[in-house]
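Here is the structure we will look at, set down as structure tokens.
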Protein chains: 2
Amino acid sequence: VAVALVHHPVRNRQGEVVTTSVTNLDVHDFARICRTYGAAPFYLATPIEAQRDMVRSIVSRWEAGPDHPRREALAGIAVVASLPDAVADLAARVGARPDVIVTGANLRDGVSTFAAVRASLADGSRHAALVVFGTGWGLAREVTDAADARLEAIDAGTGFNHLPVRAALAIVLDRLLGPGLY
Amino acid sequence: VAVALVHHPVRNRQGEVVTTSVTNLDVHDFARICRTYGAAPFYLATPIEAQRDMVRSIVSRWEAGPDHPRREALAGIAVVASLPDAVADLAARVGARPDVIVTGANLRDGVSTFAAVRASLADGSRHAALVVFGTGWGLAREVTDAADARLEAIDAGTGFNHLPVRAALAIVLDRLLGPGLY
């Protein structure tokens with residue numbers, strides 16, 4: 001299972017399709033959470049070349065530094081320009097096109113349950129899977145419509161669905177790949 | 001169920017007991033995650049008065065602003081000087097001393113499982129509970145030793161246990177209070 005964090009095409013609060021800025025924090029948090037659950041690579045996708053360079057420089061700085069958990073976590077990052085580039089890279093690594101599984105706080109119709117996706121990952125019925133997260137106010141409709149599967153939204157029953165994307169990643173990986181013994 | 005994020009006494013990487021700085025990011029992420037799961041109040045505990053003032057000013061700024069999910073989330077914050085002050089405040093709100101349940105990446109001995117704590121929260125056997133998170137490299141030993149319960153560490157089986165505290169909060173609340181239907 002691999003993970004992608006997409007900065008374009010995503011929506012802003014008004015529903016317009018935009019490109020968001022990469023935040024240093026998301027880079028570190030995504031890397032650490034993915035490493036915890038053994039999800040690799042973690043694809044950071046942005047069309048802005050200067051921001052791809054920035055992420056590469058963060059990774060290089062830690063690579064050159066002393067041994068530290070962050071260094072180990074950041075080793076799992078792959079910087080790409082787009083989600084299709086991430087899919088192509090993962091396909092080349094595993095020898096077959098991965099299933100693209102999108103996430104989003106507003107996904108309700110035609111969704112797959114956490115239980116179903118967890119089972120499909122465990123039983124080997126998917127050759128490889130790329131679980132995709134959008135920044136801003138979520139992935140653009142063109143991305144969610146084209147996906148192989150749409151994961152049901154996290155719904156804790158309080159009516160509030162504005163989790164930070166970092167928190168959504170942690171919960172989704174725990175539900176899909178965690179021990180599940182509770 | 002209430003949550004506390006403690007900035008003292010916590011350990012640094014060398015195991016020394018220190019006071020960490022409050023980060024704007026933890027304030028927002030904790031507030032949004034707690035609101036998602038209906039955990040309230042979210043106690044932010046720091047002995048540094050200037051940092052308590054900073055958090056209060058963040059909350060005030062959003063309170064005075066337009067309607068926004070962050071405003072709703074930040075309304076659940078209670079700023080306190082220490083964990084004992086959080087316990088006392090919660091006791092006054094609910095009319096009885098809450099059970100203090102500590103978390104930590106290194107808790108192994110004498111721990112309660114997620115399943116056991118989840119069940120105890122659901123069956124009403126605890127009058128109220130305060131789930132406590134430490135910044136830095138975790139809560140000081142004096143805090144974990146004095147707790148009513150120590151929650152088992154999150155262990156995804158990869159040997160890497162350096163989650164951001166924001167991610168640990170998301171996973172813990174999902175395991176304890178989430179739908180559990182997966």
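The way I read the labels, and the way they are meant: chains A, B, ... in the order of the structure tokens, residue 1 as the first residue of every chain, and ligand 1 as the first ligand shown, with later ones counted on from there.
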Q: Would you return as an MDAnalysis selection string the members of segment 46-132 of chain A that DSSP assigns to helix (DSSP H, G or I) on this structure's backbone?
A: chainID A and resid 49:63 69:74 83:94 114:122
Q. Could you pull the residues within 10 Å of Leu25 of chain A, counting only C-alpha atoms, minus those fewer than 6 positions along the same chain, as a PyMOL selection string?
A. (chain A and resi 31+166) or (chain B and resi 25)
Taking only C-alpha atoms into account, what are the residues of chain A at most 8 Å from chain B, put as a tab-separated table (two decimals) with C-alpha atoms, in the first residue's frame?
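Contents of result-v4.tsv, as written:
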```tsv
chain	number	residue	atom	x	y	z
A	29	ASP	CA	3.65	14.16	9.52
A	32	ARG	CA	6.08	9.58	9.99
A	33	ILE	CA	2.55	8.21	9.84
A	35	ARG	CA	6.40	4.82	8.12
A	36	THR	CA	4.51	3.76	11.25
A	37	TYR	CA	2.07	1.69	9.19
A	38	GLY	CA	4.59	0.49	6.60
A	69	PRO	CA	13.47	8.77	13.51
A	113	THR	CA	-16.52	0.75	3.44
A	114	PHE	CA	-13.36	0.66	5.53
A	115	ALA	CA	-14.09	-3.00	6.26
A	155	ASP	CA	-17.81	9.93	10.36
A	156	ALA	CA	-17.67	9.98	14.14
A	157	GLY	CA	-21.33	10.84	14.39
A	158	THR	CA	-20.93	14.40	15.66
A	159	GLY	CA	-21.72	16.18	12.40
A	160	PHE	CA	-18.29	17.85	12.37
A	161	ASN	CA	-16.14	16.67	9.45
A	162	HIS	CA	-13.22	19.05	9.23
A	163	LEU	CA	-10.28	16.90	10.26
A	164	PRO	CA	-6.79	18.03	9.31
A	166	ARG	CA	-2.79	14.64	8.67
A	167	ALA	CA	-5.35	13.30	11.12
A	168	ALA	CA	-7.38	11.73	8.32
A	170	ALA	CA	-3.59	8.53	10.62
A	171	ILE	CA	-7.15	7.31	11.06
A	174	ASP	CA	-5.03	2.66	11.30
A	175	ARG	CA	-8.41	1.43	10.08
A	177	LEU	CA	-3.64	-1.50	8.16
A	178	GLY	CA	-3.69	-1.32	11.96
A	179	PRO	CA	-3.98	-4.29	14.31
A	181	LEU	CA	-7.82	-5.82	17.79
A	182	TYR	CA	-10.24	-3.58	19.59
```
Q | For Val27 of chain A: contacts at 8 Å, only C-alpha atoms, fewer than 5 positions along chain excluded, given as a PyMOL selection string | A | chain A and resi 22+44+55
Write out as a PDB file with C-alpha atoms, in the first residue's frame the residues lying within 9 Å of Met54 of chain A, counting only C-alpha atoms and excluding same-chain residues fewer than 4 positions away.
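This is the output file selection-v4.pdb:
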```pdb
ATOM      1  CA  VAL A  22       3.146  22.299   0.279  1.00  0.00           C
ATOM      2  CA  ASN A  24       6.670  21.453   5.786  1.00  0.00           C
ATOM      3  CA  GLU A  49       8.675  22.721  -9.362  1.00  0.00           C
ATOM      4  CA  ALA A  50      10.040  25.069  -6.693  1.00  0.00           C
ATOM      5  CA  ILE A  58      14.206  18.930   3.373  1.00  0.00           C
ATOM      6  CA  VAL A  59      14.804  15.246   2.723  1.00  0.00           C
TER       7      VAL A  59
END
```
Q: Using DSSP on the backbone, list every residue of chain B that comes out as strand (DSSP E or B), and give them as a ChimeraX atom specification.
A: /B:2-6,10-11,17-18,42-45,77-80,99-102,112,129-134,139,149-151
Written selection (N, CA and C atoms) as an mmCIF file, in the first residue's frame:
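What landed in selection-v6.cif:
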```cif
data_model
loop_
_atom_site.group_PDB
_atom_site.id
_atom_site.type_symbol
_atom_site.label_atom_id
_atom_site.label_comp_id
_atom_site.auth_asym_id
_atom_site.auth_seq_id
_atom_site.Cartn_x
_atom_site.Cartn_y
_atom_site.Cartn_z
ATOM 1 N N ALA B 2 -12.745 13.822 28.107
ATOM 2 C CA ALA B 2 -11.986 15.035 27.834
ATOM 3 C C ALA B 2 -10.557 14.654 27.482
ATOM 4 N N VAL B 3 -9.842 15.617 26.913
ATOM 5 C CA VAL B 3 -8.469 15.373 26.460
ATOM 6 C C VAL B 3 -7.563 16.459 27.045
ATOM 7 N N ALA B 4 -6.338 16.070 27.404
ATOM 8 C CA ALA B 4 -5.342 17.066 27.825
ATOM 9 C C ALA B 4 -4.067 16.882 27.024
ATOM 10 N N LEU B 5 -3.504 18.022 26.596
ATOM 11 C CA LEU B 5 -2.188 18.028 25.953
ATOM 12 C C LEU B 5 -1.238 18.753 26.900
ATOM 13 N N VAL B 6 -0.236 18.012 27.375
ATOM 14 C CA VAL B 6 0.614 18.485 28.469
ATOM 15 C C VAL B 6 1.993 18.902 27.936
ATOM 16 N N VAL B 10 7.301 16.843 30.749
ATOM 17 C CA VAL B 10 7.501 15.866 29.668
ATOM 18 C C VAL B 10 9.012 15.648 29.489
ATOM 19 N N ARG B 11 9.328 14.610 28.738
ATOM 20 C CA ARG B 11 10.745 14.285 28.541
ATOM 21 C C ARG B 11 11.242 14.849 27.209
ATOM 22 N N VAL B 17 13.495 15.823 32.112
ATOM 23 C CA VAL B 17 12.173 16.436 32.264
ATOM 24 C C VAL B 17 12.269 17.919 31.911
ATOM 25 N N VAL B 18 11.445 18.323 30.934
ATOM 26 C CA VAL B 18 11.503 19.684 30.407
ATOM 27 C C VAL B 18 10.093 20.242 30.229
ATOM 28 N N PHE B 42 -11.010 20.220 25.572
ATOM 29 C CA PHE B 42 -9.616 19.928 25.249
ATOM 30 C C PHE B 42 -8.779 20.881 26.103
ATOM 31 N N TYR B 43 -8.102 20.291 27.118
ATOM 32 C CA TYR B 43 -7.263 21.099 28.009
ATOM 33 C C TYR B 43 -5.864 21.244 27.424
ATOM 34 N N LEU B 44 -5.453 22.476 27.213
ATOM 35 C CA LEU B 44 -4.078 22.737 26.819
ATOM 36 C C LEU B 44 -3.344 23.203 28.071
ATOM 37 N N ALA B 45 -2.358 22.394 28.518
ATOM 38 C CA ALA B 45 -1.699 22.658 29.801
ATOM 39 C C ALA B 45 -0.255 23.071 29.599
ATOM 40 N N ILE B 77 -11.618 24.587 23.596
ATOM 41 C CA ILE B 77 -10.337 24.644 24.314
ATOM 42 C C ILE B 77 -10.494 25.243 25.711
ATOM 43 N N ALA B 78 -9.820 24.625 26.678
ATOM 44 C CA ALA B 78 -9.686 25.209 28.011
ATOM 45 C C ALA B 78 -8.194 25.286 28.308
ATOM 46 N N VAL B 79 -7.710 26.483 28.570
ATOM 47 C CA VAL B 79 -6.285 26.697 28.813
ATOM 48 C C VAL B 79 -6.018 26.618 30.308
ATOM 49 N N VAL B 80 -5.076 25.761 30.699
ATOM 50 C CA VAL B 80 -4.761 25.577 32.123
ATOM 51 C C VAL B 80 -3.244 25.540 32.308
ATOM 52 N N ASP B 99 -11.314 9.824 35.913
ATOM 53 C CA ASP B 99 -10.190 8.900 35.786
ATOM 54 C C ASP B 99 -9.179 9.500 34.811
ATOM 55 N N VAL B 100 -7.925 9.465 35.211
ATOM 56 C CA VAL B 100 -6.854 9.980 34.357
ATOM 57 C C VAL B 100 -6.240 8.808 33.594
ATOM 58 N N ILE B 101 -6.346 8.866 32.270
ATOM 59 C CA ILE B 101 -5.845 7.794 31.404
ATOM 60 C C ILE B 101 -4.700 8.369 30.578
ATOM 61 N N VAL B 102 -3.490 7.896 30.829
ATOM 62 C CA VAL B 102 -2.336 8.454 30.120
ATOM 63 C C VAL B 102 -1.999 7.610 28.884
ATOM 64 N N SER B 112 -3.588 -0.863 29.950
ATOM 65 C CA SER B 112 -4.945 -1.288 29.603
ATOM 66 C C SER B 112 -5.053 -1.315 28.088
ATOM 67 N N ALA B 129 -13.655 10.691 32.117
ATOM 68 C CA ALA B 129 -12.283 10.291 31.839
ATOM 69 C C ALA B 129 -11.544 11.441 31.192
ATOM 70 N N LEU B 130 -10.272 11.584 31.574
ATOM 71 C CA LEU B 130 -9.397 12.575 30.959
ATOM 72 C C LEU B 130 -8.252 11.802 30.307
ATOM 73 N N VAL B 131 -8.196 11.837 28.975
ATOM 74 C CA VAL B 131 -7.156 11.128 28.230
ATOM 75 C C VAL B 131 -6.016 12.113 27.983
ATOM 76 N N VAL B 132 -4.817 11.734 28.428
ATOM 77 C CA VAL B 132 -3.702 12.682 28.519
ATOM 78 C C VAL B 132 -2.594 12.329 27.522
ATOM 79 N N PHE B 133 -2.152 13.361 26.773
ATOM 80 C CA PHE B 133 -1.073 13.221 25.793
ATOM 81 C C PHE B 133 0.084 14.121 26.197
ATOM 82 N N GLY B 134 1.303 13.635 26.021
ATOM 83 C CA GLY B 134 2.483 14.439 26.309
ATOM 84 C C GLY B 134 3.130 14.925 25.025
ATOM 85 N N LEU B 139 5.174 11.951 28.231
ATOM 86 C CA LEU B 139 4.905 12.361 29.611
ATOM 87 C C LEU B 139 6.002 11.855 30.542
ATOM 88 N N ALA B 149 -5.038 4.850 34.730
ATOM 89 C CA ALA B 149 -4.847 3.814 33.706
ATOM 90 C C ALA B 149 -3.815 4.289 32.701
ATOM 91 N N ARG B 150 -3.059 3.339 32.180
ATOM 92 C CA ARG B 150 -2.070 3.603 31.135
ATOM 93 C C ARG B 150 -2.559 2.871 29.885
ATOM 94 N N LEU B 151 -2.816 3.626 28.836
ATOM 95 C CA LEU B 151 -3.329 3.027 27.602
ATOM 96 C C LEU B 151 -2.168 2.382 26.845
#
```
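What separates atom CA of Thr23 of chain A from atom CA of His8 of chain A is a distance of 13.8 Å.
For the atom pair formed by atom CA of Gln51 of chain B and atom CA of Ala81 of chain B, the distance is 9.9 Å, given to one decimal.
For the choices B:Thr46, B:Ser57, B:Thr103, B:Thr135, the atom-to-atom distance to Arg13 of chain B is smallest for B:Thr135 when using only C-alpha atoms.
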